[in-house]
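Report on the structure given below.
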Amino acid sequence: MSQSTFLQNGELVTILIKKKEAPFISLRVVLLVTYVIIGVIPLLLMANTILHSMQEYFVEERKQELLSQANVIAGQLASNDFFFNQENQESLEEMVLQTGQDEDFRVLILDASAMVVYDTGYQEVGKTYLLPEVLEALEKRDVAREQEDGTVYAAASIVGSSSQHDGIVLIADSLQDVRITVGNIGNKAYFMLAVLLVAVILIMVVISRLFTEPLKRIIRVIQKMAEGHLEQRIVVTNRTHNEIVDLALSCNQMADQLEKVESSRQQFVSNVSHELKTPLSSIKVLSESILLQEDVPKEMYVEFLHDINSEIDRMTAIINDLLTLVKLDQKEIPLNFVETDLNHMMEDIIKRMTPLAAAKQIQMQYIKEKDVSAEVDEMKMTLAISNLVDNAVKYTPEGGTVTVVLDADHQNAFMTVTDTGIGIPESEVNRIFERFYRVDKTRDRETGGTGLGLSITHGTVMMHNGSIKVNSKEEEGTSIQVRIPLHQNVGA
Ligand code: ADP
C-alpha cells in the first residue's frame with residue numbers, strides 16, 4: 001500500500017494506492033535451498049553413480065570368474081574325454097559336483113545337441129537348453145551374461161581332441177550376494193548423506209540466523225525512522241567488521257544526516273517566521289498608533305505610512321530572496337549556461353552599484369586583469385556578484401574603498417570583491433553563508449540586509465561547480481573571491 005498526499009484547492013487530499021506486494025522470501029530460505037541444490041543434490045548423484053559403477057564392476061568380475069571356472073571344467077572334461085570314456089565319467093561328475101558345491105554355483109554339462117547330460121542340481125537332465133549363451137558357445141564363442149532375473153550364465157565349449165565340439169559347460173550363478181553387498185554399501189552411504197544433510201541444515205539455520213538477525217534489527221530501526229523517529233540508532237556491538245556492520249554504520253550516518261536536515265528545516269522555518277514577524281509587528285504598532293489617536297496631523301500620517309511602506313519593502317525583499325533560494329534548491333531546474341563576457345557583466349554590476357557607493361563617498365574600483373568569457377547563467381551570476389558588491393558597500397564606512405577584480409587562468413575565472421570595511425570576526429567567517437545568518441543583528445537591520453544574500457551567492461556558485469574563499473580581518477576589511485570553471489561539463 002502506498003500513500004500520496006497533496007494540497008488541492010486548499011484541501012489536503014490523501015490517495016491510498018494498493019500495490020501488489022512482491023512475495024517475501026526470507027534470505028534464510030534462499031540460503032538453505034541454495035545449499036541443498038548445490039551441496040546435497042550433487043552428492044546424491046555422485047553416490048548413486050559410484051554405487052552403480054561398483055555393482056557393474058562386481059558383476060563383471062563375477063562373470064569373468066565364472067567364465068574361467070567354466071573353461072577350467074571344460075578343459076578337464078575335454079582332456080579326460082568325458083563324453084566318450086565311460087570310466088572317467090563318474091569321477092569327473094563327482095569333481096564337477098564338488099566344484100559346484102565349493103563355489104556355490106550350479107554346473108550343467110550339455111552335449112553337442114544342447115541336451116543336459118549332467119546337472120549339479122539334478123533337475124534338468126535330459127532337457128534341451130537352447131539358451132543364446134549355449135548357442136554362442138557351440139559356435140566356440142564362450143560367453144558369460146547376466147539374465148533379467150539376476151542370474152549369470154557362463155558357457156564354455158568342451159573341445160575334444162579332434163577339435164570338435166563335444167559339448168558345453170554351463171555355469172549358473174545368482175548375483176543376489178553382489179546385490180546385497182552393494183545395497184549394504186548404498187544404505188550406509190545414504191545414511192551418511194542423511195546425517196550430513198541434517199547437520200548441514202542445522203549449521204545453515206544457525207549461520208543464516210547470524211546473518212538475518214542483525215539485518216532484521218537494522219530493518220526494525222529503519223522502519224521506526226521511516227515512521228518519523230529519527231532519533232533511533234542501530235546499536236553496533238560487533239568487535240569484528242563486516243558488510244552488515246558497515247550497513248548499520250551507514251544507516252546511523254544517514255539518520256544523523258536526516259536529523260540535521262530536519263533540524264535545519266525547523267530552524268529555517270522558525271527563522272523565516274521570525275524575520276517576517278519583525279516587520280509585521282512594526283507595521284502593527286505604527287498602524288495602531290495612528291488608529292488609536294484622534295486628530296492625527298497629516299504629517300504624522302505621512303511619516304507613519306512611510307515607515308509602514310519601508311517595512312513592506314523589507315518583507316518583499318525577504319520573500320524575493322527566499323523565492324530565489326527555493327529556485328536554486330530545485331536542482332531539477334537546470335541553469336541556463338551561456339558563454340558570457342564576464343568583463344561586460346562586471347562592468348554592468350559596477351555601473352549599477354556606483355550610485356550606492358557614491359552616496360557613502362565610497363570609492364569604487366574595477367580592475368580587469370584579462371578578458372574573460374565563461375559559461376555561466378548570466379542572470380544568476382550577476383545576482384551572486386551583486387550581492388558581494390552590495391555587502392562590500394553596506395559594510396564599509398563612509399570614505400572607504402571597494403575594489404572588484406576580474407582574473408582567470410586556463411581553467412577558472414576569478415572574481416574578487418575587496419573592501420576596507422568593518423570585516424568579519426574569524427569565528428563567524430564560516431557561518432556567513434547560512435540562511436538568515438548575520439554577524440551583528442541590530443546593525444544589519446539598519447543596513448536593510450535580509451541575511452539571505454550570501455546564501456544565494458553560495459548556492460549559485462555551487463551550481464556553477466565553483467568555490468568561494470573569504471579573507472577578512474575585523475576593522476580592516478573583507479575580501480571574497482569567487483572561482484568558477486570557464487567551461488561547464490554538462491552531464492559529466
Ligand atoms: P545581509 O543581507 O545581512 O547582508 P548576507 O547573507 O549578504 O546578509 O551576509 C551575511 C552576513 O555576513 C551579513 O549580515 C554581515 O554580517 C556579514 N557580511 C557579509 N559581507 C560582509 C562584508 N563585506 N563585510 C563585513 N561583513 C559582511
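Ligands are numbered from 1 in the order shown, chains are lettered A, B, ... in the order of the C-alpha cells, and residues start at 1 in each chain.
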
- Which residues sit within 7 Å of ligand 1, counting only C-alpha atoms and all ligand atoms, listed as JSON, numbers by chain? {"A": [387, 388, 391, 392, 395, 396, 419, 421, 422, 423, 424, 432, 433, 435, 436, 437, 438, 439, 440, 444, 448, 449, 450, 451, 452, 453, 454, 455, 477, 478]}

Got time to write the residues from that selection, N, CA and C atoms, as a compact mmCIF listing (two decimals), in the first residue's frame?
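As written to disk, result_28.txt reads:
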```txt
# COMPACT_ATOMS: atom_id res chain seq x y z
N ASN A 387 25.41 40.73 -4.97
CA ASN A 387 25.28 40.58 -3.51
C ASN A 387 26.60 40.88 -2.81
N LEU A 388 27.71 40.41 -3.40
CA LEU A 388 29.02 40.63 -2.79
C LEU A 388 29.37 42.12 -2.79
N ASN A 391 27.18 43.98 -0.36
CA ASN A 391 27.67 43.81 1.02
C ASN A 391 28.90 44.67 1.27
N ALA A 392 29.82 44.67 0.29
CA ALA A 392 31.06 45.43 0.46
C ALA A 392 30.73 46.91 0.72
N TYR A 395 28.88 47.25 4.25
CA TYR A 395 29.66 47.07 5.47
C TYR A 395 30.98 47.84 5.45
N THR A 396 31.03 48.87 4.58
CA THR A 396 32.22 49.73 4.57
C THR A 396 31.81 51.15 4.98
N ASP A 419 36.91 44.99 0.23
CA ASP A 419 36.51 46.28 0.79
C ASP A 419 37.40 46.66 1.97
N GLY A 421 36.13 47.63 4.83
CA GLY A 421 35.03 47.81 5.77
C GLY A 421 35.29 47.25 7.16
N ILE A 422 34.18 46.90 7.82
CA ILE A 422 34.24 46.51 9.23
C ILE A 422 34.82 45.12 9.45
N GLY A 423 34.84 44.32 8.37
CA GLY A 423 35.41 42.98 8.50
C GLY A 423 34.48 42.02 9.23
N ILE A 424 34.87 40.75 9.22
CA ILE A 424 34.05 39.71 9.86
C ILE A 424 34.92 39.01 10.90
N ILE A 432 28.76 32.79 7.62
CA ILE A 432 28.07 33.87 6.91
C ILE A 432 27.25 33.38 5.71
N PHE A 433 27.50 32.12 5.25
CA PHE A 433 26.71 31.63 4.11
C PHE A 433 25.41 30.96 4.55
N ARG A 435 21.65 30.57 5.95
CA ARG A 435 20.47 31.41 5.71
C ARG A 435 20.13 32.23 6.95
N PHE A 436 19.87 33.47 6.76
CA PHE A 436 19.48 34.42 7.81
C PHE A 436 20.61 34.69 8.81
N TYR A 437 21.82 34.23 8.50
CA TYR A 437 22.89 34.47 9.46
C TYR A 437 23.44 35.89 9.30
N ARG A 438 23.49 36.60 10.41
CA ARG A 438 24.07 37.95 10.38
C ARG A 438 25.04 38.07 11.54
N VAL A 439 26.14 38.72 11.28
CA VAL A 439 27.14 38.84 12.34
C VAL A 439 26.60 39.73 13.45
N ASP A 440 26.06 40.86 13.05
CA ASP A 440 25.55 41.79 14.05
C ASP A 440 24.09 42.09 13.71
N ASP A 444 22.66 45.09 11.16
CA ASP A 444 22.22 44.66 9.84
C ASP A 444 20.78 45.03 9.56
N GLY A 448 19.48 47.09 6.31
CA GLY A 448 18.40 46.58 5.46
C GLY A 448 18.68 45.20 4.87
N GLY A 449 19.72 44.52 5.35
CA GLY A 449 20.03 43.19 4.80
C GLY A 449 19.01 42.15 5.25
N THR A 450 18.84 41.12 4.44
CA THR A 450 17.90 40.05 4.80
C THR A 450 18.62 38.88 5.43
N GLY A 451 19.94 38.84 5.32
CA GLY A 451 20.69 37.68 5.82
C GLY A 451 20.64 36.52 4.85
N LEU A 452 20.11 36.75 3.64
CA LEU A 452 19.99 35.66 2.66
C LEU A 452 20.92 35.85 1.47
N GLY A 453 21.46 37.07 1.33
CA GLY A 453 22.27 37.39 0.14
C GLY A 453 23.41 36.42 -0.09
N LEU A 454 24.21 36.17 0.95
CA LEU A 454 25.36 35.28 0.75
C LEU A 454 24.94 33.82 0.53
N SER A 455 23.78 33.41 1.09
CA SER A 455 23.28 32.05 0.82
C SER A 455 23.00 31.92 -0.66
N GLY A 477 38.91 45.02 6.86
CA GLY A 477 38.22 44.81 5.59
C GLY A 477 38.04 43.33 5.25
N THR A 478 37.33 43.15 4.14
CA THR A 478 36.98 41.78 3.73
C THR A 478 37.29 41.61 2.26
```

Where in stretch 156-238 of chain A does DSSP assign helix (DSSP H, G or I), given as a PDB file with N, CA, C and O atoms, in the first residue's frame?
```
ATOM      1  N   GLN A 176      22.623 -62.442  -6.306  1.00  0.00           N
ATOM      2  CA  GLN A 176      21.982 -61.929  -5.094  1.00  0.00           C
ATOM      3  C   GLN A 176      23.003 -61.356  -4.108  1.00  0.00           C
ATOM      4  O   GLN A 176      22.811 -60.271  -3.561  1.00  0.00           O
ATOM      5  N   ASP A 177      24.119 -62.089  -3.906  1.00  0.00           N
ATOM      6  CA  ASP A 177      25.113 -61.644  -2.914  1.00  0.00           C
ATOM      7  C   ASP A 177      25.732 -60.295  -3.310  1.00  0.00           C
ATOM      8  O   ASP A 177      25.961 -59.434  -2.471  1.00  0.00           O
ATOM      9  N   VAL A 178      25.974 -60.122  -4.658  1.00  0.00           N
ATOM     10  CA  VAL A 178      26.524 -58.834  -5.113  1.00  0.00           C
ATOM     11  C   VAL A 178      25.530 -57.724  -4.786  1.00  0.00           C
ATOM     12  O   VAL A 178      25.875 -56.670  -4.260  1.00  0.00           O
ATOM     13  N   ARG A 179      24.249 -58.031  -5.101  1.00  0.00           N
ATOM     14  CA  ARG A 179      23.200 -57.019  -4.851  1.00  0.00           C
ATOM     15  C   ARG A 179      23.178 -56.648  -3.364  1.00  0.00           C
ATOM     16  O   ARG A 179      23.077 -55.476  -3.012  1.00  0.00           O
ATOM     17  N   ILE A 180      23.243 -57.685  -2.523  1.00  0.00           N
ATOM     18  CA  ILE A 180      23.149 -57.419  -1.077  1.00  0.00           C
ATOM     19  C   ILE A 180      24.342 -56.569  -0.615  1.00  0.00           C
ATOM     20  O   ILE A 180      24.190 -55.582   0.094  1.00  0.00           O
ATOM     21  N   THR A 181      25.549 -56.947  -1.113  1.00  0.00           N
ATOM     22  CA  THR A 181      26.746 -56.180  -0.713  1.00  0.00           C
ATOM     23  C   THR A 181      26.628 -54.721  -1.138  1.00  0.00           C
ATOM     24  O   THR A 181      26.801 -53.808  -0.335  1.00  0.00           O
ATOM     25  N   VAL A 182      26.290 -54.515  -2.446  1.00  0.00           N
ATOM     26  CA  VAL A 182      26.186 -53.132  -2.945  1.00  0.00           C
ATOM     27  C   VAL A 182      25.069 -52.392  -2.215  1.00  0.00           C
ATOM     28  O   VAL A 182      25.214 -51.221  -1.838  1.00  0.00           O
ATOM     29  N   GLY A 183      23.962 -53.106  -1.992  1.00  0.00           N
ATOM     30  CA  GLY A 183      22.830 -52.498  -1.269  1.00  0.00           C
ATOM     31  C   GLY A 183      23.262 -52.038   0.111  1.00  0.00           C
ATOM     32  O   GLY A 183      22.909 -50.933   0.546  1.00  0.00           O
ATOM     33  N   ASN A 184      24.045 -52.884   0.792  1.00  0.00           N
ATOM     34  CA  ASN A 184      24.505 -52.507   2.142  1.00  0.00           C
ATOM     35  C   ASN A 184      25.380 -51.262   2.103  1.00  0.00           C
ATOM     36  O   ASN A 184      25.237 -50.363   2.919  1.00  0.00           O
ATOM     37  N   ILE A 185      26.314 -51.265   1.108  1.00  0.00           N
ATOM     38  CA  ILE A 185      27.190 -50.085   0.991  1.00  0.00           C
ATOM     39  C   ILE A 185      26.326 -48.851   0.714  1.00  0.00           C
ATOM     40  O   ILE A 185      26.509 -47.787   1.313  1.00  0.00           O
ATOM     41  N   GLY A 186      25.339 -49.011  -0.205  1.00  0.00           N
ATOM     42  CA  GLY A 186      24.440 -47.909  -0.546  1.00  0.00           C
ATOM     43  C   GLY A 186      23.710 -47.402   0.686  1.00  0.00           C
ATOM     44  O   GLY A 186      23.643 -46.192   0.920  1.00  0.00           O
ATOM     45  N   ASN A 187      23.182 -48.332   1.495  1.00  0.00           N
ATOM     46  CA  ASN A 187      22.438 -47.908   2.692  1.00  0.00           C
ATOM     47  C   ASN A 187      23.313 -47.064   3.606  1.00  0.00           C
ATOM     48  O   ASN A 187      22.890 -46.036   4.125  1.00  0.00           O
ATOM     49  N   LYS A 188      24.567 -47.551   3.753  1.00  0.00           N
ATOM     50  CA  LYS A 188      25.473 -46.795   4.635  1.00  0.00           C
ATOM     51  C   LYS A 188      25.726 -45.399   4.063  1.00  0.00           C
ATOM     52  O   LYS A 188      25.702 -44.401   4.793  1.00  0.00           O
ATOM     53  N   ALA A 189      25.977 -45.363   2.723  1.00  0.00           N
ATOM     54  CA  ALA A 189      26.277 -44.061   2.097  1.00  0.00           C
ATOM     55  C   ALA A 189      25.093 -43.122   2.237  1.00  0.00           C
ATOM     56  O   ALA A 189      25.255 -41.950   2.600  1.00  0.00           O
ATOM     57  N   TYR A 190      23.871 -43.635   1.981  1.00  0.00           N
ATOM     58  CA  TYR A 190      22.697 -42.750   2.074  1.00  0.00           C
ATOM     59  C   TYR A 190      22.454 -42.307   3.510  1.00  0.00           C
ATOM     60  O   TYR A 190      22.045 -41.181   3.765  1.00  0.00           O
ATOM     61  N   PHE A 191      22.749 -43.220   4.443  1.00  0.00           N
ATOM     62  CA  PHE A 191      22.579 -42.856   5.847  1.00  0.00           C
ATOM     63  C   PHE A 191      23.528 -41.697   6.200  1.00  0.00           C
ATOM     64  O   PHE A 191      23.141 -40.706   6.812  1.00  0.00           O
ATOM     65  N   MET A 192      24.801 -41.877   5.732  1.00  0.00           N
ATOM     66  CA  MET A 192      25.787 -40.813   5.994  1.00  0.00           C
ATOM     67  C   MET A 192      25.319 -39.493   5.378  1.00  0.00           C
ATOM     68  O   MET A 192      25.430 -38.432   5.980  1.00  0.00           O
ATOM     69  N   LEU A 193      24.777 -39.593   4.142  1.00  0.00           N
ATOM     70  CA  LEU A 193      24.308 -38.383   3.462  1.00  0.00           C
ATOM     71  C   LEU A 193      23.172 -37.727   4.232  1.00  0.00           C
ATOM     72  O   LEU A 193      23.122 -36.499   4.359  1.00  0.00           O
ATOM     73  N   ALA A 194      22.259 -38.578   4.764  1.00  0.00           N
ATOM     74  CA  ALA A 194      21.126 -38.038   5.515  1.00  0.00           C
ATOM     75  C   ALA A 194      21.631 -37.328   6.768  1.00  0.00           C
ATOM     76  O   ALA A 194      21.173 -36.212   7.088  1.00  0.00           O
ATOM     77  N   VAL A 195      22.618 -37.957   7.443  1.00  0.00           N
ATOM     78  CA  VAL A 195      23.176 -37.337   8.654  1.00  0.00           C
ATOM     79  C   VAL A 195      23.821 -36.003   8.276  1.00  0.00           C
ATOM     80  O   VAL A 195      23.619 -34.977   8.934  1.00  0.00           O
ATOM     81  N   LEU A 196      24.573 -36.039   7.153  1.00  0.00           N
ATOM     82  CA  LEU A 196      25.255 -34.835   6.680  1.00  0.00           C
ATOM     83  C   LEU A 196      24.236 -33.727   6.374  1.00  0.00           C
ATOM     84  O   LEU A 196      24.407 -32.574   6.758  1.00  0.00           O
ATOM     85  N   LEU A 197      23.154 -34.137   5.705  1.00  0.00           N
ATOM     86  CA  LEU A 197      22.120 -33.172   5.330  1.00  0.00           C
ATOM     87  C   LEU A 197      21.523 -32.513   6.569  1.00  0.00           C
ATOM     88  O   LEU A 197      21.404 -31.284   6.644  1.00  0.00           O
ATOM     89  N   VAL A 198      21.184 -33.346   7.566  1.00  0.00           N
ATOM     90  CA  VAL A 198      20.592 -32.795   8.793  1.00  0.00           C
ATOM     91  C   VAL A 198      21.595 -31.854   9.473  1.00  0.00           C
ATOM     92  O   VAL A 198      21.246 -30.732   9.865  1.00  0.00           O
ATOM     93  N   ALA A 199      22.860 -32.326   9.549  1.00  0.00           N
ATOM     94  CA  ALA A 199      23.879 -31.499  10.215  1.00  0.00           C
ATOM     95  C   ALA A 199      24.031 -30.172   9.474  1.00  0.00           C
ATOM     96  O   ALA A 199      24.074 -29.103  10.096  1.00  0.00           O
ATOM     97  N   VAL A 200      24.085 -30.267   8.139  1.00  0.00           N
ATOM     98  CA  VAL A 200      24.291 -29.051   7.357  1.00  0.00           C
ATOM     99  C   VAL A 200      23.103 -28.106   7.495  1.00  0.00           C
ATOM    100  O   VAL A 200      23.263 -26.897   7.638  1.00  0.00           O
ATOM    101  N   ILE A 201      21.883 -28.677   7.494  1.00  0.00           N
ATOM    102  CA  ILE A 201      20.699 -27.820   7.636  1.00  0.00           C
ATOM    103  C   ILE A 201      20.761 -27.102   8.989  1.00  0.00           C
ATOM    104  O   ILE A 201      20.531 -25.894   9.072  1.00  0.00           O
ATOM    105  N   LEU A 202      21.142 -27.858  10.040  1.00  0.00           N
ATOM    106  CA  LEU A 202      21.231 -27.221  11.362  1.00  0.00           C
ATOM    107  C   LEU A 202      22.272 -26.100  11.354  1.00  0.00           C
ATOM    108  O   LEU A 202      22.019 -24.998  11.835  1.00  0.00           O
ATOM    109  N   ILE A 203      23.438 -26.397  10.749  1.00  0.00           N
ATOM    110  CA  ILE A 203      24.503 -25.380  10.706  1.00  0.00           C
ATOM    111  C   ILE A 203      24.030 -24.167   9.900  1.00  0.00           C
ATOM    112  O   ILE A 203      24.210 -23.021  10.295  1.00  0.00           O
ATOM    113  N   MET A 204      23.368 -24.463   8.756  1.00  0.00           N
ATOM    114  CA  MET A 204      22.905 -23.360   7.916  1.00  0.00           C
ATOM    115  C   MET A 204      21.862 -22.506   8.641  1.00  0.00           C
ATOM    116  O   MET A 204      21.824 -21.292   8.482  1.00  0.00           O
ATOM    117  N   VAL A 205      20.997 -23.180   9.426  1.00  0.00           N
ATOM    118  CA  VAL A 205      19.973 -22.423  10.167  1.00  0.00           C
ATOM    119  C   VAL A 205      20.676 -21.462  11.136  1.00  0.00           C
ATOM    120  O   VAL A 205      20.338 -20.277  11.213  1.00  0.00           O
ATOM    121  N   VAL A 206      21.712 -21.983  11.810  1.00  0.00           N
ATOM    122  CA  VAL A 206      22.432 -21.143  12.771  1.00  0.00           C
ATOM    123  C   VAL A 206      23.149 -20.004  12.027  1.00  0.00           C
ATOM    124  O   VAL A 206      23.039 -18.834  12.400  1.00  0.00           O
ATOM    125  N   ILE A 207      23.858 -20.372  10.934  1.00  0.00           N
ATOM    126  CA  ILE A 207      24.625 -19.346  10.197  1.00  0.00           C
ATOM    127  C   ILE A 207      23.682 -18.298   9.610  1.00  0.00           C
ATOM    128  O   ILE A 207      23.911 -17.098   9.728  1.00  0.00           O
ATOM    129  N   SER A 208      22.581 -18.773   9.010  1.00  0.00           N
ATOM    130  CA  SER A 208      21.683 -17.793   8.382  1.00  0.00           C
ATOM    131  C   SER A 208      21.062 -16.903   9.442  1.00  0.00           C
ATOM    132  O   SER A 208      20.799 -15.725   9.191  1.00  0.00           O
ATOM    133  N   ARG A 209      20.849 -17.467  10.646  1.00  0.00           N
ATOM    134  CA  ARG A 209      20.325 -16.613  11.721  1.00  0.00           C
ATOM    135  C   ARG A 209      21.351 -15.528  12.075  1.00  0.00           C
ATOM    136  O   ARG A 209      21.010 -14.377  12.296  1.00  0.00           O
ATOM    137  N   LEU A 210      22.641 -15.938  12.065  1.00  0.00           N
ATOM    138  CA  LEU A 210      23.701 -14.958  12.352  1.00  0.00           C
ATOM    139  C   LEU A 210      23.650 -13.784  11.382  1.00  0.00           C
ATOM    140  O   LEU A 210      23.950 -12.656  11.725  1.00  0.00           O
ATOM    141  N   PHE A 211      23.246 -14.104  10.115  1.00  0.00           N
ATOM    142  CA  PHE A 211      23.179 -13.040   9.114  1.00  0.00           C
ATOM    143  C   PHE A 211      21.866 -12.276   9.196  1.00  0.00           C
ATOM    144  O   PHE A 211      21.836 -11.062   9.097  1.00  0.00           O
ATOM    145  N   THR A 212      20.764 -13.034   9.332  1.00  0.00           N
ATOM    146  CA  THR A 212      19.472 -12.367   9.195  1.00  0.00           C
ATOM    147  C   THR A 212      19.050 -11.630  10.462  1.00  0.00           C
ATOM    148  O   THR A 212      18.364 -10.626  10.365  1.00  0.00           O
ATOM    149  N   GLU A 213      19.479 -12.107  11.630  1.00  0.00           N
ATOM    150  CA  GLU A 213      19.059 -11.414  12.855  1.00  0.00           C
ATOM    151  C   GLU A 213      19.521  -9.961  12.880  1.00  0.00           C
ATOM    152  O   GLU A 213      18.708  -9.069  13.106  1.00  0.00           O
ATOM    153  N   PRO A 214      20.836  -9.682  12.624  1.00  0.00           N
ATOM    154  CA  PRO A 214      21.241  -8.269  12.604  1.00  0.00           C
ATOM    155  C   PRO A 214      20.512  -7.481  11.528  1.00  0.00           C
ATOM    156  O   PRO A 214      20.146  -6.334  11.729  1.00  0.00           O
ATOM    157  N   LEU A 215      20.272  -8.144  10.373  1.00  0.00           N
ATOM    158  CA  LEU A 215      19.553  -7.437   9.305  1.00  0.00           C
ATOM    159  C   LEU A 215      18.148  -7.076   9.772  1.00  0.00           C
ATOM    160  O   LEU A 215      17.654  -5.983   9.521  1.00  0.00           O
ATOM    161  N   LYS A 216      17.511  -8.037  10.493  1.00  0.00           N
ATOM    162  CA  LYS A 216      16.152  -7.761  10.984  1.00  0.00           C
ATOM    163  C   LYS A 216      16.172  -6.588  11.961  1.00  0.00           C
ATOM    164  O   LYS A 216      15.278  -5.748  11.945  1.00  0.00           O
ATOM    165  N   ARG A 217      17.230  -6.557  12.797  1.00  0.00           N
ATOM    166  CA  ARG A 217      17.315  -5.455  13.767  1.00  0.00           C
ATOM    167  C   ARG A 217      17.448  -4.131  13.020  1.00  0.00           C
ATOM    168  O   ARG A 217      16.803  -3.142  13.361  1.00  0.00           O
ATOM    169  N   ILE A 218      18.298  -4.154  11.966  1.00  0.00           N
ATOM    170  CA  ILE A 218      18.501  -2.927  11.180  1.00  0.00           C
ATOM    171  C   ILE A 218      17.168  -2.494  10.542  1.00  0.00           C
ATOM    172  O   ILE A 218      16.789  -1.332  10.582  1.00  0.00           O
ATOM    173  N   ILE A 219      16.444  -3.497   9.988  1.00  0.00           N
ATOM    174  CA  ILE A 219      15.168  -3.176   9.322  1.00  0.00           C
ATOM    175  C   ILE A 219      14.184  -2.565  10.332  1.00  0.00           C
ATOM    176  O   ILE A 219      13.512  -1.573  10.039  1.00  0.00           O
ATOM    177  N   ARG A 220      14.154  -3.151  11.557  1.00  0.00           N
ATOM    178  CA  ARG A 220      13.222  -2.616  12.574  1.00  0.00           C
ATOM    179  C   ARG A 220      13.530  -1.146  12.863  1.00  0.00           C
ATOM    180  O   ARG A 220      12.624  -0.308  12.919  1.00  0.00           O
ATOM    181  N   VAL A 221      14.837  -0.852  13.006  1.00  0.00           N
ATOM    182  CA  VAL A 221      15.215   0.534  13.320  1.00  0.00           C
ATOM    183  C   VAL A 221      14.869   1.461  12.152  1.00  0.00           C
ATOM    184  O   VAL A 221      14.310   2.547  12.346  1.00  0.00           O
ATOM    185  N   ILE A 222      15.165   0.994  10.914  1.00  0.00           N
ATOM    186  CA  ILE A 222      14.872   1.843   9.751  1.00  0.00           C
ATOM    187  C   ILE A 222      13.370   2.093   9.634  1.00  0.00           C
ATOM    188  O   ILE A 222      12.932   3.200   9.315  1.00  0.00           O
ATOM    189  N   GLN A 223      12.579   1.041   9.929  1.00  0.00           N
ATOM    190  CA  GLN A 223      11.127   1.235   9.855  1.00  0.00           C
ATOM    191  C   GLN A 223      10.669   2.286  10.861  1.00  0.00           C
ATOM    192  O   GLN A 223       9.814   3.116  10.568  1.00  0.00           O
ATOM    193  N   LYS A 224      11.287   2.245  12.061  1.00  0.00           N
ATOM    194  CA  LYS A 224      10.915   3.267  13.056  1.00  0.00           C
ATOM    195  C   LYS A 224      11.314   4.652  12.556  1.00  0.00           C
ATOM    196  O   LYS A 224      10.582   5.620  12.742  1.00  0.00           O
ATOM    197  N   MET A 225      12.509   4.730  11.906  1.00  0.00           N
ATOM    198  CA  MET A 225      12.930   6.023  11.353  1.00  0.00           C
ATOM    199  C   MET A 225      11.916   6.493  10.318  1.00  0.00           C
ATOM    200  O   MET A 225      11.558   7.673  10.285  1.00  0.00           O
ATOM    201  N   ALA A 226      11.471   5.532   9.468  1.00  0.00           N
ATOM    202  CA  ALA A 226      10.512   5.899   8.420  1.00  0.00           C
ATOM    203  C   ALA A 226       9.221   6.423   9.040  1.00  0.00           C
ATOM    204  O   ALA A 226       8.521   7.234   8.430  1.00  0.00           O
TER     205      ALA A 226
END
```

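In this model, the gap between atom CA of A:Val40 and atom CA of A:Val59 comes to 28.7 Å.
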
- So which residues of stretch 177-414 of chain A fall under strand (DSSP E or B) by DSSP, listed as a list in words? Val338, Glu339, Thr340, Asp341, Gln363, Met364, Gln365, Tyr366, Ile367, Lys368, Ser373, Ala374, Glu375, Val376, Thr401, Val402, Thr403, Val404, Val405, Leu406, Asp407, Ala408, Asn412, Ala413 and Phe414 of chain A

Emit the selected residues as a tab-separated table (two decimals), in the first residue's frame, including C-alpha atoms.
```
chain	number	residue	atom	x	y	z
A	338	VAL	CA	25.67	30.52	-21.88
A	339	GLU	CA	29.15	31.65	-22.95
A	340	THR	CA	29.24	35.12	-21.34
A	341	ASP	CA	31.66	38.03	-21.48
A	363	GLN	CA	35.45	54.82	-3.97
A	364	MET	CA	34.58	52.01	-6.36
A	365	GLN	CA	37.48	50.47	-8.37
A	366	TYR	CA	37.30	47.88	-11.11
A	367	ILE	CA	40.44	46.04	-12.25
A	368	LYS	CA	40.22	43.82	-15.29
A	373	SER	CA	34.49	34.72	-21.02
A	374	ALA	CA	32.94	31.73	-19.29
A	375	GLU	CA	29.86	29.53	-19.42
A	376	VAL	CA	27.55	30.97	-16.79
A	401	THR	CA	37.19	51.73	-0.96
A	402	VAL	CA	35.63	48.77	-2.75
A	403	THR	CA	37.78	47.01	-5.34
A	404	VAL	CA	36.47	44.46	-7.81
A	405	VAL	CA	39.00	42.34	-9.73
A	406	LEU	CA	38.37	40.01	-12.67
A	407	ASP	CA	41.08	37.48	-13.50
A	408	ALA	CA	41.42	33.98	-14.97
A	412	ASN	CA	38.90	29.13	-13.99
A	413	ALA	CA	37.63	32.66	-13.76
A	414	PHE	CA	38.25	34.56	-10.52
```

Taking only residues of stretch 247-354 of chain A that have an atom at most 10 Å from an atom of stretch 462-469 of chain A, what is each one's shortest atom pair and its distance in Å to one decimal, using only C-alpha atoms, in chain and number order, as a Markdown table?
```
| residue | atom | partner | partner_atom | distance |
| --- | --- | --- | --- | --- |
| A:Leu328 | CA | A:Met463 | CA | 8.0 |
| A:Asp329 | CA | A:Met463 | CA | 9.5 |
| A:Lys331 | CA | A:Met463 | CA | 8.5 |
| A:Pro334 | CA | A:Met463 | CA | 9.0 |
| A:Leu335 | CA | A:Met463 | CA | 7.7 |
| A:Phe337 | CA | A:His464 | CA | 8.7 |
```

- Item | Non-local contacts of stretch 283-290 of chain A (8 Å; only C-alpha atoms; under 4 positions in same chain excluded) as a PyMOL selection string | chain A and resi 279+294+296+301+304+307-308+311

Could those selected residues go to a file with N, CA and C atoms, as a short mmCIF file (atom, residue, chain, number, x, y, z; two decimals), in the first residue's frame?
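The resulting file, part18.cif, is shown below:
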```cif
data_model
loop_
_atom_site.label_atom_id
_atom_site.label_comp_id
_atom_site.auth_asym_id
_atom_site.auth_seq_id
_atom_site.Cartn_x
_atom_site.Cartn_y
_atom_site.Cartn_z
N PRO A 279 9.00 42.88 10.85
CA PRO A 279 8.36 43.99 10.14
C PRO A 279 6.85 44.03 10.35
N GLU A 294 -6.67 60.40 18.18
CA GLU A 294 -7.63 61.24 17.46
C GLU A 294 -6.89 62.47 16.92
N VAL A 296 -5.05 63.06 14.28
CA VAL A 296 -3.63 62.86 13.93
C VAL A 296 -3.27 63.86 12.84
N TYR A 301 0.67 61.12 9.65
CA TYR A 301 0.18 60.06 8.75
C TYR A 301 1.24 59.71 7.72
N PHE A 304 4.25 57.96 9.25
CA PHE A 304 3.99 56.55 9.63
C PHE A 304 3.79 55.66 8.41
N ASP A 307 7.00 54.81 7.01
CA ASP A 307 7.64 53.71 7.76
C ASP A 307 7.01 52.35 7.41
N ILE A 308 5.66 52.38 7.36
CA ILE A 308 4.96 51.12 7.02
C ILE A 308 5.42 50.64 5.65
N GLU A 311 8.74 48.98 5.79
CA GLU A 311 8.65 47.63 6.38
C GLU A 311 8.12 46.64 5.34
#
```
